[in-house]
Amino acid sequence: MKRFYLRCLTILITAPFAAEQLFAQNPLFIPDTLSGTPLNLTIQKGTQTFFTGYNTNTFGYNGPFLGPTLFMNKGDSVTLNVKNNLPVETTTVHWHGFHIPAVYDGGPYQPIAPSATWSPSFRIRNNAATYWYHAHIHGKTEIQVSKGLAGMIIIRDSAEASYNLPRRYKVDDFPLIVQSRIFDFFYQIGTATHEDSVLMVNGTMNAYLQVPKQVVRFRLLNASADRTYNFGLSDSSTFYVIASDGGLLAEPYPTKRLWLSNGERAEILVDFGKDTIGQKVYLMSYASELPRGITGADSVGANGINIQDGYYQNKLNGSDFNIVRFDVVASTSNPVTTIPTAFAPIEYIPPASSNASRSLIFTPDLVTSGQQGLVDGPFFINNRMFHMDSMNIITYLGHTEIWSLINKTLVAHSFHIHDVQFFVLDINGQPPAPELSGYKDVVLVEPGDTLRFIMRFEDFADKDIPYMYHCHLLHHEDDGMMGTFLVLDSALNNIAENNRVRNNLKVYQDFSTMDLSIRILTGKNAPSDVYIIDMLGRKQKHVFSGTLYKGETELKVNISDLNQGIYFVMYNGEFDLCKKIIR
Ligand SMILES: [Cu+2]
């Protein structure tokens, strides 16, 4: 409902777009850097003047808008003190792409209340690459990120340092945080989803950047709420993708086009050595080439149907537009002038080592929103909508899993999983394109596609605190296209109780008769399974299969025939919930 309401208040800022798009005129803002430990981040309110004469309310880290670029080294231990100075809003800070304990992950389960300070502390285990940090509070991620709660993280390591690559920040190595924003009638940042007609890089509209006449590295981050970009250079020259989300590729990939969906990163090299001083080259998005179904294409529905208000009026959709203008200037001292031929081979995870395969099926919730839901959601993952009490998947430390993402909706979804970097195995049975062949934590799944990837759950287990998997289109995520997984220490053979369950699953036990009264509260009618498992996860007793109707249902079962021990009542229905019992 909130989106319909906002849509009425929103106008498209087409006039500034049309006028200023032709004449890029603002020097690209490059965020300051922050390194060492502890790293202190203060989340604060601010204002920016994006449109002459109007103040826009914003959020930022250590400043009014966006945040400093954090530098970290693989192997270092880092403590971050994150102070929430927002007057009324709770937020979180997620370290996107990081392999760290769930308690420090910064997802919806680590809220930072106003005036509170959160101090996660962890060792950096990720490879050198480009990561980012952003708000991840359930239901408000889109508005908080859009208002400015996003920043870049650059991890360095000795392997990356051994190659002759540009790595002088702000000299030959530049962050490019690409975002499209919605402004309402009062020039305030909104969330009307398809009306994101204002393009910014590092918070700068119509940006230009002076680049030296040599090989330059750009760290591309798509931090937009919903839009996918099809990057290319206006002079049709080839650029070289050297890194994906979580590390260097095995070798630079020469290309003229690169898609990045929401949350994805890529590092690219552009050789300006061939250009003349004074030449101007645009980094563009060739969105006219994007297939239908991808947000940013000419029509968002894969079948050409588009039910979105404002989508066609948004000049960015389906057209080719400038992102930033590069003005070639004299080279620096000690320039990098060549493109490396190869990096280290990637150690892939063999599919034969997999302990489990799972399918995650994306479908629209047509009951809630009818035809509109085909392209606008809400969307389910395995028929589940996210709930703060969810516990959707349980896996074990040391396990390797293959997940199949099956997109049965009309729109593309950018799938992100916390804790791990994964490898794409295949898309509709075909091997992934070169830019998807390295370390990934986000991948775009087009309508109708089946994409398989492999990952290993290592180092961190927690029986209570889950990691997340979700669509990184922020309005899909906010609407509930998200789930949780627990990584358990298999050495303890311990299925954890879902301690976050408060009201939706209650179990009352009569210890003299071993009768259980299982009471399940649901918000809607849903096909459900209720059963009892032992500590190894083996099903011991079937309790109920069928439709549970909206409201509270009581199920009775007697467990006197089970051996003494600890068991769990499992409920898979509107949510996936779990409660410990003792026989
Ligand atoms: Cu989605």
# chains A, B, ... in the order shown; residues from 1 in each chain; ligands from 1
>>> residues_around(residues="segment 320-333 of chain A", least_positions_apart="6", cutoff="10 Å", atoms="only C-alpha atoms", output="PyMOL selection string")
chain A and resi 21-28+171-172+176+178-179+199-201+204-215+229-234+272-273+275-289
>>> write_last_selection(atoms="N, CA and C atoms", output="short mmCIF file (atom, residue, chain, number, x, y, z; two decimals), in the first residue's frame")
data_model
loop_
_atom_site.label_atom_id
_atom_site.label_comp_id
_atom_site.auth_asym_id
_atom_site.auth_seq_id
_atom_site.Cartn_x
_atom_site.Cartn_y
_atom_site.Cartn_z
N GLN A 21 21.72 16.15 -18.61
CA GLN A 21 22.29 14.94 -19.14
C GLN A 21 23.21 15.25 -20.32
N LEU A 22 22.88 16.28 -21.06
CA LEU A 22 23.67 16.64 -22.23
C LEU A 22 24.99 17.27 -21.83
N PHE A 23 25.01 17.95 -20.73
CA PHE A 23 26.22 18.71 -20.36
C PHE A 23 26.65 18.30 -18.95
N ALA A 24 27.37 17.20 -18.86
CA ALA A 24 27.87 16.78 -17.55
C ALA A 24 28.69 17.92 -16.98
N GLN A 25 28.47 18.25 -15.74
CA GLN A 25 29.08 19.48 -15.27
C GLN A 25 29.55 19.48 -13.83
N ASN A 26 29.39 18.40 -13.11
CA ASN A 26 29.83 18.39 -11.72
C ASN A 26 31.02 17.47 -11.55
N PRO A 27 32.10 17.96 -10.90
CA PRO A 27 33.23 17.06 -10.67
C PRO A 27 32.78 15.88 -9.81
N LEU A 28 33.20 14.69 -10.20
CA LEU A 28 32.80 13.49 -9.45
C LEU A 28 33.33 13.56 -8.03
N VAL A 171 43.81 8.42 -7.78
CA VAL A 171 44.84 8.78 -8.77
C VAL A 171 44.65 7.94 -10.04
N ASP A 172 44.70 6.62 -9.85
CA ASP A 172 44.45 5.72 -10.99
C ASP A 172 43.50 4.58 -10.60
N LEU A 176 33.23 3.89 -8.16
CA LEU A 176 32.07 4.41 -8.89
C LEU A 176 30.82 3.73 -8.32
N VAL A 178 27.17 3.54 -8.32
CA VAL A 178 26.16 3.96 -9.29
C VAL A 178 24.77 3.74 -8.69
N GLN A 179 23.98 4.80 -8.66
CA GLN A 179 22.64 4.72 -8.08
C GLN A 179 21.66 5.58 -8.88
N LEU A 199 20.07 9.90 -12.03
CA LEU A 199 21.24 9.04 -11.98
C LEU A 199 22.36 9.75 -11.23
N MET A 200 23.00 9.05 -10.32
CA MET A 200 24.12 9.62 -9.55
C MET A 200 25.26 8.62 -9.48
N VAL A 201 26.47 9.18 -9.45
CA VAL A 201 27.66 8.37 -9.17
C VAL A 201 28.34 8.99 -7.95
N THR A 204 26.93 12.15 -7.00
CA THR A 204 27.07 13.30 -7.90
C THR A 204 26.21 13.09 -9.14
N MET A 205 25.37 14.08 -9.44
CA MET A 205 24.60 14.05 -10.68
C MET A 205 25.46 14.64 -11.79
N ASN A 206 25.33 14.11 -13.01
CA ASN A 206 26.01 14.66 -14.19
C ASN A 206 27.50 14.84 -13.93
N ALA A 207 28.13 13.76 -13.56
CA ALA A 207 29.51 13.84 -13.07
C ALA A 207 30.53 13.74 -14.20
N TYR A 208 31.67 14.42 -13.99
CA TYR A 208 32.83 14.19 -14.84
C TYR A 208 34.04 13.92 -13.95
N LEU A 209 35.02 13.24 -14.51
CA LEU A 209 36.21 12.87 -13.76
C LEU A 209 37.41 12.99 -14.67
N GLN A 210 38.47 13.65 -14.19
CA GLN A 210 39.72 13.70 -14.95
C GLN A 210 40.47 12.39 -14.73
N VAL A 211 40.81 11.75 -15.85
CA VAL A 211 41.51 10.47 -15.76
C VAL A 211 42.84 10.59 -16.49
N PRO A 212 43.93 10.02 -15.92
CA PRO A 212 45.24 10.13 -16.57
C PRO A 212 45.33 9.24 -17.81
N LYS A 213 46.17 9.67 -18.75
CA LYS A 213 46.35 8.96 -20.03
C LYS A 213 47.19 7.71 -19.80
N GLN A 214 46.56 6.67 -19.24
CA GLN A 214 47.22 5.41 -18.89
C GLN A 214 46.14 4.41 -18.51
N VAL A 215 46.54 3.25 -17.99
CA VAL A 215 45.54 2.26 -17.57
C VAL A 215 44.96 2.69 -16.21
N TYR A 229 22.35 -2.18 -14.76
CA TYR A 229 23.07 -1.38 -15.76
C TYR A 229 23.77 -2.28 -16.76
N ASN A 230 23.86 -1.80 -17.98
CA ASN A 230 24.61 -2.47 -19.04
C ASN A 230 25.76 -1.54 -19.43
N PHE A 231 26.87 -1.66 -18.69
CA PHE A 231 27.97 -0.71 -18.83
C PHE A 231 28.70 -0.86 -20.15
N GLY A 232 29.11 0.28 -20.71
CA GLY A 232 29.92 0.29 -21.92
C GLY A 232 30.51 1.67 -22.08
N LEU A 233 31.51 1.81 -22.96
CA LEU A 233 32.16 3.11 -23.19
C LEU A 233 31.65 3.72 -24.49
N SER A 234 31.50 5.06 -24.48
CA SER A 234 30.87 5.73 -25.61
C SER A 234 31.72 5.68 -26.87
N PHE A 272 43.36 4.38 -21.14
CA PHE A 272 43.25 5.70 -21.75
C PHE A 272 44.55 6.10 -22.46
N GLY A 273 45.56 5.20 -22.40
CA GLY A 273 46.84 5.49 -23.05
C GLY A 273 46.70 5.71 -24.55
N ASP A 275 44.26 7.27 -25.93
CA ASP A 275 43.47 8.48 -26.18
C ASP A 275 44.35 9.72 -26.22
N THR A 276 43.84 10.78 -26.80
CA THR A 276 44.56 12.04 -26.79
C THR A 276 44.13 12.86 -25.58
N ILE A 277 45.03 13.67 -25.09
CA ILE A 277 44.70 14.52 -23.94
C ILE A 277 43.58 15.49 -24.37
N GLY A 278 42.60 15.61 -23.50
CA GLY A 278 41.44 16.45 -23.82
C GLY A 278 40.26 15.67 -24.33
N GLN A 279 40.50 14.42 -24.70
CA GLN A 279 39.40 13.58 -25.18
C GLN A 279 38.39 13.31 -24.06
N LYS A 280 37.14 13.21 -24.45
CA LYS A 280 36.09 12.93 -23.47
C LYS A 280 35.40 11.62 -23.86
N VAL A 281 35.33 10.72 -22.90
CA VAL A 281 34.70 9.41 -23.12
C VAL A 281 33.68 9.21 -22.01
N TYR A 282 32.49 8.77 -22.38
CA TYR A 282 31.46 8.51 -21.37
C TYR A 282 31.42 7.04 -20.99
N LEU A 283 31.31 6.79 -19.68
CA LEU A 283 30.83 5.48 -19.24
C LEU A 283 29.32 5.56 -19.34
N MET A 284 28.73 4.62 -20.04
CA MET A 284 27.29 4.68 -20.29
C MET A 284 26.62 3.39 -19.82
N SER A 285 25.28 3.46 -19.73
CA SER A 285 24.50 2.23 -19.64
C SER A 285 23.71 2.10 -20.93
N TYR A 286 23.97 1.03 -21.65
CA TYR A 286 23.25 0.77 -22.90
C TYR A 286 22.01 -0.05 -22.57
N ALA A 287 21.09 0.63 -21.88
CA ALA A 287 19.90 -0.07 -21.37
C ALA A 287 18.97 -0.49 -22.49
N SER A 288 19.11 0.12 -23.68
CA SER A 288 18.25 -0.29 -24.81
C SER A 288 18.55 -1.74 -25.21
N GLU A 289 19.73 -2.23 -24.83
CA GLU A 289 20.10 -3.61 -25.21
C GLU A 289 19.67 -4.64 -24.16
#
>>> residues_around(residues="Tyr531 of chain A", least_positions_apart="2", cutoff="8 Å", atoms="only C-alpha atoms", output="number ranges by chain")
A: 529, 533, 539-544, 569-571
>>> residues_near_ligand(ligand="ligand 1", cutoff="7 Å", atoms="only C-alpha atoms and all ligand atoms", output="list in words")
Phe379, Ala412, His413, Ser414, Cys471, His472, Leu473, His476, Glu477 and Met481 of chain A
>>> closest_residue(among="A:Gly429, A:Gly97, A:Gly46, A:Pro254", to="Phe239 of chain A", atoms="only C-alpha atoms")
A:Pro254
>>> closest_residue(among="A:Met535, A:Ala461, A:Val530, A:Val270", to="Ile100 of chain A", atoms="only C-alpha atoms")
A:Ala461
